[in-house]
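Here's model11.cif, which has mmCIF, C-alpha atoms:
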```
data_coords
loop_
_atom_site.label_atom_id
_atom_site.label_comp_id
_atom_site.auth_asym_id
_atom_site.auth_seq_id
_atom_site.Cartn_x
_atom_site.Cartn_y
_atom_site.Cartn_z
CA MET A 1 27.05 14.61 -9.53
CA THR A 2 26.71 10.92 -8.78
CA PRO A 3 23.34 10.20 -7.10
CA LEU A 4 23.52 9.10 -3.48
CA ARG A 5 21.51 5.90 -3.36
CA ARG A 6 19.60 5.24 -0.22
CA SER A 7 18.00 1.87 0.36
CA CYS A 8 14.24 1.91 0.40
CA ARG A 9 11.61 -0.68 1.25
CA LEU A 10 8.28 -0.95 -0.44
CA GLY A 11 6.10 1.99 0.52
CA LEU A 12 8.88 4.07 2.05
CA ILE A 13 9.60 7.40 0.54
CA CYS A 14 12.54 6.68 -1.72
CA LEU A 15 15.11 9.39 -1.84
CA LEU A 16 17.60 9.78 -4.65
CA ALA A 17 19.69 12.80 -3.79
CA ALA A 18 20.46 14.11 -7.25
CA THR A 19 21.02 17.54 -8.72
CA THR A 20 17.31 17.81 -9.45
CA GLY A 21 16.40 17.19 -5.80
CA PRO A 22 14.49 14.38 -4.07
CA VAL A 23 12.33 11.99 -6.06
CA PHE A 24 9.50 10.43 -4.11
CA ALA A 25 7.61 7.20 -4.66
CA GLN A 26 4.42 7.70 -6.64
CA ILE A 27 1.29 5.62 -6.80
CA THR A 28 1.13 3.00 -9.55
CA PRO A 29 -1.08 -0.06 -10.04
CA GLU A 30 1.92 -2.24 -9.20
CA LEU A 31 2.53 -0.37 -5.93
CA VAL A 32 -1.12 -0.69 -4.88
CA ARG A 33 -1.13 -4.39 -5.71
CA GLU A 34 2.06 -5.13 -3.81
CA ARG A 35 0.95 -3.27 -0.69
CA THR A 36 -2.50 -4.88 -0.76
CA GLU A 37 -1.14 -8.39 -1.24
CA ARG A 38 1.41 -7.77 1.48
CA GLU A 39 -1.32 -6.72 3.89
CA TRP A 40 -3.37 -9.89 3.48
CA THR A 41 -0.29 -12.13 3.51
CA LEU A 42 0.88 -10.60 6.80
CA LYS A 43 -2.55 -10.80 8.39
CA ALA A 44 -3.20 -14.38 7.29
CA ASP A 45 0.21 -15.44 8.58
CA LYS A 46 -0.47 -13.79 11.92
CA MET A 47 -3.88 -15.46 12.17
CA ARG A 48 -2.41 -18.91 11.51
CA ARG A 49 0.37 -18.41 14.05
CA HIS A 50 -1.26 -16.54 16.90
CA LEU A 51 -5.06 -16.70 16.96
CA LEU A 52 -5.51 -20.25 18.29
CA PRO A 53 -3.01 -19.93 21.17
CA LEU A 54 -4.73 -16.72 22.28
CA MET A 55 -8.18 -18.29 22.00
CA ARG A 56 -6.97 -21.03 24.33
CA VAL A 57 -5.52 -18.50 26.79
CA HIS A 58 -8.98 -16.95 27.05
CA GLY A 59 -10.91 -20.22 26.95
CA ILE A 60 -12.68 -19.46 23.67
CA ASP A 61 -13.90 -22.49 21.72
CA LEU A 62 -15.59 -20.54 18.93
CA TRP A 63 -15.35 -16.92 17.85
CA ILE A 64 -18.23 -15.69 15.70
CA ILE A 65 -17.95 -12.47 13.69
CA LEU A 66 -21.24 -11.51 12.06
CA SER A 67 -21.31 -8.78 9.47
CA ARG A 68 -23.43 -7.35 6.69
CA GLU A 69 -23.35 -4.84 3.88
CA ASN A 70 -23.10 -1.17 4.99
CA THR A 71 -22.39 -2.11 8.63
CA PRO A 72 -19.24 -4.24 8.38
CA ASP A 73 -17.63 -5.41 11.59
CA PRO A 74 -14.33 -3.49 11.94
CA LEU A 75 -12.45 -6.64 12.96
CA LEU A 76 -13.03 -8.20 9.56
CA GLU A 77 -10.16 -6.02 8.32
CA LEU A 78 -7.85 -8.32 10.29
CA PHE A 79 -9.29 -11.43 8.66
CA GLY A 80 -9.55 -10.67 4.97
CA GLY A 81 -12.11 -7.88 4.88
CA TYR A 82 -14.38 -8.41 1.90
CA GLY A 83 -11.59 -9.65 -0.35
CA VAL A 84 -10.03 -8.04 -3.35
CA THR A 85 -13.36 -7.91 -5.19
CA GLY A 86 -17.00 -8.02 -4.17
CA TRP A 87 -18.88 -6.61 -1.19
CA TYR A 88 -19.66 -7.49 2.39
CA GLY A 89 -22.47 -10.01 2.19
CA HIS A 90 -26.11 -9.65 3.10
CA ARG A 91 -25.52 -11.56 6.34
CA ASN A 92 -22.17 -13.27 6.69
CA ALA A 93 -20.66 -15.36 9.47
CA TYR A 94 -16.89 -15.67 9.94
CA LEU A 95 -16.11 -18.54 12.29
CA PHE A 96 -12.90 -19.40 14.15
CA HIS A 97 -13.09 -22.74 15.92
CA ASP A 98 -10.67 -24.58 18.19
CA ALA A 99 -10.95 -28.05 16.65
CA GLY A 100 -8.65 -29.66 19.21
CA SER A 101 -5.02 -30.69 19.41
CA SER A 102 -5.06 -32.79 16.27
CA ARG A 103 -6.87 -30.38 13.93
CA GLY A 104 -6.00 -26.98 15.39
CA LEU A 105 -7.67 -23.82 14.13
CA GLU A 106 -10.65 -24.35 11.83
CA THR A 107 -11.78 -21.26 9.91
CA THR A 108 -15.06 -21.02 8.02
CA ALA A 109 -16.94 -18.27 6.20
CA ILE A 110 -20.65 -18.63 5.50
CA GLY A 111 -22.35 -15.97 3.43
CA THR A 112 -22.70 -14.23 0.10
CA HIS A 113 -20.18 -12.33 -2.04
CA LEU A 114 -17.24 -14.31 -0.64
CA SER A 115 -14.26 -13.30 -2.76
CA GLY A 116 -11.87 -16.10 -3.66
CA HIS A 117 -9.10 -14.03 -2.07
CA LEU A 118 -10.53 -15.00 1.31
CA GLY A 119 -9.21 -18.52 0.77
CA ARG A 120 -5.97 -17.62 2.50
CA PHE A 121 -7.96 -16.94 5.67
CA TYR A 122 -10.78 -19.47 5.56
CA ASP A 123 -10.38 -23.22 5.16
CA ASN A 124 -14.04 -23.59 4.26
CA THR A 125 -16.47 -21.24 2.50
CA VAL A 126 -20.18 -21.85 2.22
CA LEU A 127 -22.40 -19.80 -0.08
CA TYR A 128 -26.11 -19.63 0.68
CA GLY A 129 -29.04 -18.58 -1.46
CA GLU A 130 -32.73 -18.40 -0.71
CA ASP A 131 -32.28 -20.50 2.43
CA GLY A 132 -30.29 -17.73 4.12
CA LEU A 133 -27.55 -17.89 6.75
CA GLN A 134 -29.47 -19.22 9.71
CA PRO A 135 -29.79 -22.94 8.88
CA HIS A 136 -26.13 -23.18 7.92
CA LEU A 137 -24.98 -21.40 11.07
CA ARG A 138 -27.27 -23.45 13.29
CA GLU A 139 -25.98 -26.71 11.77
CA TYR A 140 -22.35 -25.59 12.10
CA ILE A 141 -22.66 -24.74 15.79
CA ALA A 142 -24.68 -27.83 16.66
CA ALA A 143 -22.03 -30.08 15.11
CA ARG A 144 -19.26 -28.52 17.25
CA ASP A 145 -21.14 -27.82 20.52
CA PRO A 146 -18.72 -25.08 21.73
CA ARG A 147 -18.69 -24.35 25.44
CA ARG A 148 -17.70 -20.66 25.18
CA ILE A 149 -18.65 -18.58 22.16
CA ALA A 150 -17.04 -15.17 21.75
CA ILE A 151 -18.98 -12.35 20.08
CA ASN A 152 -17.97 -8.77 19.34
CA GLN A 153 -19.82 -6.92 22.05
CA SER A 154 -17.79 -4.61 24.28
CA ARG A 155 -18.38 -1.51 26.37
CA THR A 156 -14.75 -0.33 26.13
CA ILE A 157 -13.01 -1.65 23.02
CA THR A 158 -14.74 -0.08 20.02
CA MET A 159 -13.31 -2.50 17.48
CA ALA A 160 -14.60 -5.40 19.62
CA ASP A 161 -18.13 -3.96 19.51
CA GLY A 162 -19.03 -4.56 15.89
CA LEU A 163 -22.03 -6.83 16.47
CA THR A 164 -25.14 -4.79 15.67
CA ALA A 165 -28.32 -5.06 17.71
CA GLU A 166 -30.17 -6.76 14.85
CA LEU A 167 -27.39 -9.28 14.23
CA LYS A 168 -27.22 -10.03 17.98
CA ASP A 169 -30.95 -10.79 17.95
CA TYR A 170 -30.47 -12.89 14.82
CA LEU A 171 -27.68 -14.88 16.49
CA VAL A 172 -29.66 -15.44 19.70
CA ASP A 173 -32.60 -16.68 17.65
CA THR A 174 -30.25 -19.00 15.75
CA LEU A 175 -28.62 -20.42 18.89
CA GLY A 176 -31.72 -20.89 21.00
CA PRO A 177 -31.87 -20.63 24.83
CA SER A 178 -29.55 -23.58 25.54
CA LEU A 179 -26.59 -22.05 23.68
CA THR A 180 -27.19 -18.35 24.28
CA ASP A 181 -25.86 -18.66 27.83
CA ARG A 182 -22.48 -19.64 26.34
CA LEU A 183 -21.91 -16.22 24.74
CA VAL A 184 -19.01 -14.14 26.09
CA SER A 185 -17.36 -10.93 24.96
CA SER A 186 -14.37 -11.16 22.62
CA GLU A 187 -12.87 -8.06 24.26
CA PRO A 188 -9.89 -9.65 26.09
CA LEU A 189 -9.07 -11.79 23.07
CA VAL A 190 -9.16 -8.75 20.79
CA VAL A 191 -6.87 -6.74 23.09
CA ASP A 192 -4.25 -9.49 23.15
CA TYR A 193 -4.53 -10.23 19.45
CA ALA A 194 -4.15 -6.57 18.46
CA SER A 195 -1.08 -6.30 20.70
CA THR A 196 0.61 -9.34 19.15
CA HIS A 197 2.83 -8.34 16.23
CA THR A 198 4.92 -10.40 13.87
CA PRO A 199 8.39 -9.25 12.74
CA ALA A 200 6.97 -8.56 9.28
CA GLU A 201 4.31 -6.29 10.80
CA ASP A 202 6.97 -4.49 12.84
CA ALA A 203 8.74 -3.67 9.57
CA VAL A 204 5.55 -2.21 8.07
CA GLN A 205 4.95 -0.13 11.19
CA ARG A 206 8.44 1.35 10.87
CA GLU A 207 7.76 2.01 7.21
CA ALA A 208 4.54 3.91 7.94
CA SER A 209 6.31 5.89 10.65
CA THR A 210 9.26 6.84 8.44
CA ALA A 211 6.94 7.93 5.62
CA THR A 212 4.86 10.04 8.01
CA TYR A 213 7.92 11.75 9.43
CA ALA A 214 9.20 12.60 5.94
CA ILE A 215 5.87 14.03 4.78
CA LEU A 216 5.51 16.20 7.89
CA ARG A 217 9.10 17.42 7.67
CA ARG A 218 8.36 18.68 4.16
CA ALA A 219 4.92 20.03 5.09
CA LEU A 220 6.39 22.22 7.83
CA SER A 221 8.97 23.77 5.55
CA ASN A 222 9.21 26.33 2.78
CA GLU A 223 8.42 23.58 0.28
CA ALA A 224 4.77 23.80 1.38
CA ILE A 225 4.63 27.14 3.23
CA THR A 226 5.20 30.71 2.07
CA PRO A 227 4.66 32.98 5.08
CA GLY A 228 2.12 35.70 4.44
CA ARG A 229 0.40 33.68 1.72
CA THR A 230 -0.11 30.02 2.74
CA THR A 231 -3.03 29.15 5.04
CA LEU A 232 -3.39 26.23 7.44
CA MET A 233 -5.85 24.54 5.09
CA ASP A 234 -3.37 24.95 2.24
CA VAL A 235 -0.97 22.83 4.29
CA HIS A 236 -3.76 20.40 5.11
CA TYR A 237 -4.46 19.83 1.42
CA TRP A 238 -0.75 19.66 0.62
CA ILE A 239 -0.44 16.78 3.08
CA THR A 240 -3.59 15.13 1.67
CA ALA A 241 -2.27 15.36 -1.88
CA GLU A 242 1.13 14.03 -0.85
CA TRP A 243 -0.06 10.91 0.94
CA LYS A 244 -2.37 10.15 -1.95
CA ARG A 245 0.39 10.75 -4.49
CA GLN A 246 2.62 8.30 -2.66
CA GLY A 247 -0.11 5.68 -2.65
CA PHE A 248 -0.84 5.50 1.07
CA GLU A 249 -4.27 4.67 2.48
CA PHE A 250 -6.58 6.93 4.46
CA ASN A 251 -5.83 6.98 8.16
CA PHE A 252 -7.14 10.30 9.48
CA PRO A 253 -7.08 13.83 8.02
CA ALA A 254 -4.23 16.13 8.96
CA SER A 255 -5.12 18.55 11.76
CA LEU A 256 -3.28 21.88 12.06
CA ASP A 257 -3.26 24.87 14.38
CA LEU A 258 -1.03 27.77 15.30
CA GLN A 259 -0.17 29.85 18.34
CA ARG A 260 0.62 33.55 18.02
CA VAL A 261 1.79 36.39 20.25
CA GLY A 262 -1.16 37.88 22.08
CA GLY A 263 -2.54 34.59 23.35
CA LEU A 264 -4.18 33.76 20.04
CA THR A 265 -4.64 30.11 19.04
CA LEU A 266 -6.19 29.38 15.65
CA ASP A 267 -7.02 26.01 14.12
CA ASP A 268 -7.60 24.88 10.56
CA ALA A 269 -11.32 25.67 10.77
CA ALA A 270 -10.41 29.37 10.94
CA ASP A 271 -7.93 28.82 8.08
CA PRO A 272 -5.63 31.70 9.04
CA VAL A 273 -2.77 32.84 6.85
CA ILE A 274 0.53 31.67 8.32
CA GLU A 275 2.56 34.70 9.39
CA PRO A 276 6.13 35.28 10.63
CA GLY A 277 6.31 34.62 14.36
CA ASP A 278 3.70 31.83 14.31
CA LEU A 279 4.22 28.55 16.15
CA LEU A 280 2.75 25.76 14.01
CA HIS A 281 1.48 22.33 15.03
CA VAL A 282 0.33 19.38 12.91
CA ASP A 283 -1.14 15.96 13.74
CA PHE A 284 -1.11 13.29 11.01
CA GLY A 285 -0.13 9.73 10.10
CA VAL A 286 -0.21 7.52 7.01
CA ARG A 287 -1.68 4.04 6.70
CA THR A 288 0.04 1.38 4.63
CA SER A 289 -0.83 -2.31 4.28
CA GLY A 290 -3.40 -1.89 7.05
CA ILE A 291 -0.99 -0.46 9.66
CA VAL A 292 -0.99 3.18 10.80
CA ALA A 293 1.34 5.83 12.14
CA ASP A 294 0.40 8.81 14.32
CA GLN A 295 2.67 11.82 14.86
CA GLN A 296 2.61 15.47 15.90
CA LYS A 297 5.27 18.01 14.93
CA MET A 298 5.99 21.67 15.71
CA ALA A 299 7.64 24.45 13.68
CA TYR A 300 8.35 28.16 14.07
CA VAL A 301 8.12 30.80 11.34
CA LEU A 302 11.06 33.20 11.58
CA ARG A 303 10.42 36.94 11.78
CA ASP A 304 12.44 39.41 9.72
CA GLY A 305 15.92 39.55 11.15
CA GLU A 306 15.62 36.30 13.12
CA THR A 307 17.97 33.43 12.40
CA ALA A 308 16.53 31.12 15.09
CA PRO A 309 13.40 30.84 17.22
CA PRO A 310 13.23 32.90 20.42
CA ASP A 311 15.17 31.32 23.28
CA GLY A 312 11.96 30.81 25.25
CA LEU A 313 10.49 28.65 22.49
CA VAL A 314 13.74 26.73 22.19
CA ARG A 315 13.72 26.02 25.93
CA ALA A 316 10.06 24.96 25.77
CA PHE A 317 10.87 22.44 23.07
CA GLU A 318 13.90 21.21 25.02
CA ALA A 319 11.58 20.68 28.00
CA SER A 320 9.35 18.56 25.75
CA THR A 321 12.33 16.41 24.80
CA ARG A 322 13.09 15.85 28.48
CA ALA A 323 9.41 15.07 29.05
CA ALA A 324 9.50 12.44 26.30
CA ALA A 325 12.31 10.68 28.14
CA LEU A 326 10.32 10.75 31.39
CA VAL A 327 7.24 9.25 29.74
CA LEU A 328 9.33 6.49 28.15
CA GLU A 329 10.94 5.74 31.52
CA ALA A 330 7.48 5.21 32.96
CA MET A 331 6.41 2.97 30.08
CA GLN A 332 7.25 -0.44 31.41
CA VAL A 333 5.55 -3.63 30.27
CA GLY A 334 2.91 -4.69 32.76
CA ARG A 335 2.03 -1.21 34.01
CA THR A 336 -1.45 0.18 33.46
CA GLY A 337 -2.00 3.27 31.38
CA ALA A 338 -3.19 5.23 34.42
CA GLU A 339 -0.06 4.25 36.32
CA ILE A 340 2.21 5.28 33.43
CA LYS A 341 0.50 8.67 33.22
CA ARG A 342 0.72 9.25 36.99
CA LEU A 343 4.40 8.30 37.23
CA ALA A 344 5.47 10.35 34.22
CA GLU A 345 3.62 13.47 35.29
CA ALA A 346 4.97 13.18 38.84
CA ALA A 347 8.52 12.88 37.50
CA ALA A 348 7.93 15.97 35.36
CA VAL A 349 6.82 18.00 38.38
CA ALA A 350 10.14 17.13 40.03
CA ASP A 351 11.87 18.53 36.92
CA SER A 352 9.68 21.67 36.96
CA ILE A 353 7.98 20.66 33.71
CA ASP A 354 4.25 21.21 33.18
CA LEU A 355 3.39 17.89 31.48
CA LEU A 356 0.13 16.36 30.32
CA VAL A 357 0.32 12.74 29.12
CA TYR A 358 -2.27 11.17 26.80
CA SER A 359 -0.38 8.38 25.04
CA HIS A 360 -1.99 5.27 23.55
CA VAL A 361 -1.28 2.08 21.66
CA GLN A 362 -1.58 2.22 17.87
CA GLY A 363 -1.39 -0.25 15.03
CA TYR A 364 -4.39 -1.34 12.98
CA TRP A 365 -6.24 1.73 14.23
CA VAL A 366 -4.88 5.05 15.47
CA HIS A 367 -6.37 4.53 18.93
CA ASP A 368 -5.92 0.79 19.04
CA ALA A 369 -7.24 -1.83 21.42
CA GLY A 370 -5.25 -1.95 24.64
CA MET A 371 -3.45 0.47 26.94
CA TRP A 372 -4.11 4.19 26.90
CA ALA A 373 -2.06 6.36 29.28
CA ILE A 374 -4.94 8.74 29.84
CA HIS A 375 -7.24 9.99 32.59
CA ASP A 376 -9.03 7.16 34.37
CA TRP A 377 -12.49 8.38 33.37
CA PRO A 378 -14.56 5.22 32.85
CA GLU A 379 -17.50 6.99 31.23
CA ARG A 380 -15.21 8.48 28.59
CA TYR A 381 -12.32 6.03 28.19
CA GLY A 382 -13.79 2.82 29.60
CA ASP A 383 -11.17 0.34 30.77
CA HIS A 384 -8.37 1.56 28.48
CA PRO A 385 -6.46 3.36 31.30
CA ARG A 386 -6.66 0.18 33.41
CA LEU A 387 -5.26 -2.10 30.73
CA THR A 388 -1.58 -2.95 30.85
CA LEU A 389 1.21 -2.17 28.41
CA LYS A 390 2.14 -5.36 26.60
CA ASP A 391 5.47 -6.63 25.30
CA GLY A 392 5.95 -5.41 21.74
CA ASP A 393 3.19 -2.78 21.81
CA TRP A 394 3.39 0.03 19.29
CA VAL A 395 2.76 3.19 21.31
CA SER A 396 1.97 6.73 20.23
CA LEU A 397 4.11 8.71 22.65
CA GLU A 398 1.65 11.58 22.89
CA PHE A 399 1.92 14.42 25.38
CA ALA A 400 2.02 18.19 25.78
CA VAL A 401 4.32 20.56 27.67
CA THR A 402 3.21 24.08 28.63
CA ALA A 403 5.82 26.78 29.27
CA ALA A 404 6.06 30.54 29.51
CA VAL A 405 7.98 32.41 26.80
CA PRO A 406 9.68 35.61 28.01
CA GLU A 407 9.99 36.95 24.47
CA TRP A 408 6.20 36.67 24.15
CA ASP A 409 5.65 38.82 27.27
CA GLY A 410 5.47 35.69 29.45
CA GLN A 411 2.69 34.16 27.40
CA THR A 412 2.43 30.40 27.80
CA VAL A 413 2.67 28.14 24.79
CA THR A 414 1.91 24.46 24.44
CA ILE A 415 4.39 22.15 22.76
CA MET A 416 2.38 19.16 21.50
CA ARG A 417 4.43 16.09 20.67
CA GLU A 418 3.66 12.63 19.33
CA GLU A 419 6.18 10.03 18.22
CA ASP A 420 5.80 6.42 17.09
CA THR A 421 7.56 4.04 19.49
CA ARG A 422 7.86 0.33 20.20
CA ILE A 423 8.02 -0.93 23.77
CA THR A 424 9.48 -4.29 24.76
CA SER A 425 10.40 -5.91 28.05
CA ASP A 426 13.99 -6.75 27.11
CA ALA A 427 15.25 -3.55 25.45
CA ALA A 428 15.06 0.21 25.69
CA PRO A 429 12.04 1.90 24.06
CA GLU A 430 12.59 2.36 20.33
CA TYR A 431 11.65 5.35 18.22
CA LEU A 432 10.35 4.06 14.90
CA SER A 433 11.30 7.27 13.10
CA GLY A 434 12.82 10.59 14.04
CA PRO A 435 12.21 11.71 16.69
CA GLN A 436 11.93 15.45 16.22
CA MET A 437 14.90 16.79 18.16
CA GLU A 438 14.43 20.53 17.72
CA LEU A 439 11.83 23.06 16.73
CA TRP A 440 11.73 23.10 12.93
CA VAL A 441 12.24 26.46 11.27
CA ILE A 442 10.35 28.04 8.37
CA ARG A 443 11.86 31.14 6.78
#
```
Would you mind writing the structure in this file as structure tokens?
Amino acid sequence: MTPLRRSCRLGLICLLAATTGPVFAQITPELVRERTEREWTLKADKMRRHLLPLMRVHGIDLWIILSRENTPDPLLELFGGYGVTGWYGHRNAYLFHDAGSSRGLETTAIGTHLSGHLGRFYDNTVLYGEDGLQPHLREYIAARDPRRIAINQSRTITMADGLTAELKDYLVDTLGPSLTDRLVSSEPLVVDYASTHTPAEDAVQREASTATYAILRRALSNEAITPGRTTLMDVHYWITAEWKRQGFEFNFPASLDLQRVGGLTLDDAADPVIEPGDLLHVDFGVRTSGIVADQQKMAYVLRDGETAPPDGLVRAFEASTRAAALVLEAMQVGRTGAEIKRLAEAAAVADSIDLLVYSHVQGYWVHDAGMWAIHDWPERYGDHPRLTLKDGDWVSLEFAVTAAVPEWDGQTVTIMREEDTRITSDAAPEYLSGPQMELWVIR
């Protein structure tokens, strides 16, 4: 049989439909190198194109990221991390300065263990020794006299809160009273920067999504599951082995649970054996070149004599598909997360669907900076529900539908769904992979 060749991009699961079955990409030194180099190329290109305009929107003259070994600032991953080799320094300063219309963005790193790889991000690097960081940082700031200095201190945006208490004290001591009053939070800048994506990043996001979908489709199948023998943790470790084998990076561990007749819900901590009649659920996503996916899928294990799931489960999943459309209708650029949640759930009530929405932006982190369509509980979620959906946001379309199943003596089940989407102001919402259109079946 002649193999059916399907095009594949770097990092995607490459399928060659041959008589021996699918062949999947496997980790090699060359694959790791290409994905790593791609990550830093994409991030440096984005920084050069988009950081300065956004700093000017928010009136930031200088953005200071301070970091140190064992407590690295999470935002450094967007600006070179610690390089290909070496470690985060003892005390390092990463400086982004608006040098004016003629010079543009000036980037400087002052510290120790500054890998040469960082040269694509930083125009200037300064290594210090016994003298330490402080005199270099003080001289740098004095020479530029910035009016507004952004630091990573935020009540809501976790990735904009990387400045430790000790480093904040160190910076205040370095600046002195006259400059300390110029400090402002980087939070609004971080939200906008994280929501700004280049076309090359969009392609990587689709790649991560497609790979995730393919892994989960195989995980919730007889390739990974033998009813009566396989446990939930067996599937967990199958997924772990598979993403590692394909050379993807750690994002978050797969989470699994099942629902069973009799009102029983068991998660992976209980590690139950998967039995016929179980309704399975998994939550997982891969990370590639610094960009993540986040999906949830559902499958049913057929009982003896069954050729399809019970009609009640089929209808419950169909209701979840209708709910997905309602949530996407509510997701319009400029709306707050709380507003999106309220409108979608109200529309579901009109359709007699019991819907709970808890969607969020994704990208560099699973729960990224920006809009979360979640309960407006400030003590728990901060300002995320009050932030607006932005043009080009990558959104985890995450929600649950609860429905009664007549074949299960009227017992309610919860269909938990999550799909990777992209939202723009000038086109319909786009699924980046899939979506799951029916309840998957395991025999």
From the options A:Ser102, A:Gln134, A:Thr41, A:Ser396, which residue's atoms come nearest to Trp365 of chain A, counting all atoms listed in the file?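 Ranked by minimum distance to Trp365 of chain A, first place goes to A:Ser396.
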So which one's closest to Leu51 of chain A, A:Arg148, A:His197, A:Arg322, A:Arg380? Using all atoms listed in the file, please. A:His197
Name the closest residue to Gly337 of chain A among the candidates A:Thr210, A:Asn70, A:Ser289, A:Ser359; distances are taken between atoms, counting all atoms listed in the file.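 Closest to Gly337 of chain A, using all atoms listed in the file: A:Ser359.
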12 Å contact set for Arg443 of chain A, only C-alpha atoms, chain neighbours under 2 positions out, as a ChimeraX atom specification: /A:220-228,274-278,299-309,440-441
Run the PyMOL selection byres ((chain A and resi 117) around 8) against the file shown and list the residues it catches, as a ChimeraX atom specification. /A:80,83-84,115-116,118-120
Under the PyMOL selection byres ((chain A and resi 386) around 12), which residues of this model are included? Write them out as a PDB file with C-alpha atoms, in the frame of the given file.
```
ATOM      1  CA  THR A 156     -14.750  -0.330  26.130  1.00  0.00           C
ATOM      2  CA  GLY A 334       2.910  -4.690  32.760  1.00  0.00           C
ATOM      3  CA  ARG A 335       2.030  -1.210  34.010  1.00  0.00           C
ATOM      4  CA  THR A 336      -1.450   0.180  33.460  1.00  0.00           C
ATOM      5  CA  GLY A 337      -2.000   3.270  31.380  1.00  0.00           C
ATOM      6  CA  ALA A 338      -3.190   5.230  34.420  1.00  0.00           C
ATOM      7  CA  GLU A 339      -0.060   4.250  36.320  1.00  0.00           C
ATOM      8  CA  ILE A 340       2.210   5.280  33.430  1.00  0.00           C
ATOM      9  CA  LYS A 341       0.500   8.670  33.220  1.00  0.00           C
ATOM     10  CA  GLY A 370      -5.250  -1.950  24.640  1.00  0.00           C
ATOM     11  CA  MET A 371      -3.450   0.470  26.940  1.00  0.00           C
ATOM     12  CA  TRP A 372      -4.110   4.190  26.900  1.00  0.00           C
ATOM     13  CA  ALA A 373      -2.060   6.360  29.280  1.00  0.00           C
ATOM     14  CA  ILE A 374      -4.940   8.740  29.840  1.00  0.00           C
ATOM     15  CA  HIS A 375      -7.240   9.990  32.590  1.00  0.00           C
ATOM     16  CA  ASP A 376      -9.030   7.160  34.370  1.00  0.00           C
ATOM     17  CA  TRP A 377     -12.490   8.380  33.370  1.00  0.00           C
ATOM     18  CA  PRO A 378     -14.560   5.220  32.850  1.00  0.00           C
ATOM     19  CA  TYR A 381     -12.320   6.030  28.190  1.00  0.00           C
ATOM     20  CA  GLY A 382     -13.790   2.820  29.600  1.00  0.00           C
ATOM     21  CA  ASP A 383     -11.170   0.340  30.770  1.00  0.00           C
ATOM     22  CA  HIS A 384      -8.370   1.560  28.480  1.00  0.00           C
ATOM     23  CA  PRO A 385      -6.460   3.360  31.300  1.00  0.00           C
ATOM     24  CA  LEU A 387      -5.260  -2.100  30.730  1.00  0.00           C
ATOM     25  CA  THR A 388      -1.580  -2.950  30.850  1.00  0.00           C
ATOM     26  CA  LEU A 389       1.210  -2.170  28.410  1.00  0.00           C
TER      27      LEU A 389
END
```
Top pick for closest residue to Thr196 of chain A, considering A:Leu54, A:Val366, A:Val349, A:Ala400 and counting all atoms listed in the file: A:Leu54
Report as an MDAnalysis selection string the residues that result from applying the PyMOL selection byres ((chain A and resi 191) around 9) to the structure here. chainID A and resid 157 160 186:190 192:196 368:371
For Asp73 of chain A: contacts at 10 Å, only C-alpha atoms, fewer than 5 positions along chain excluded, given as a list in words: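 Contacts, in chain order: Ile65, Leu66, Ser67, Arg68, Gly81, Tyr88, Asn152, Met159, Ala160, Asp161, Gly162, Leu163 and Thr164 of chain A.
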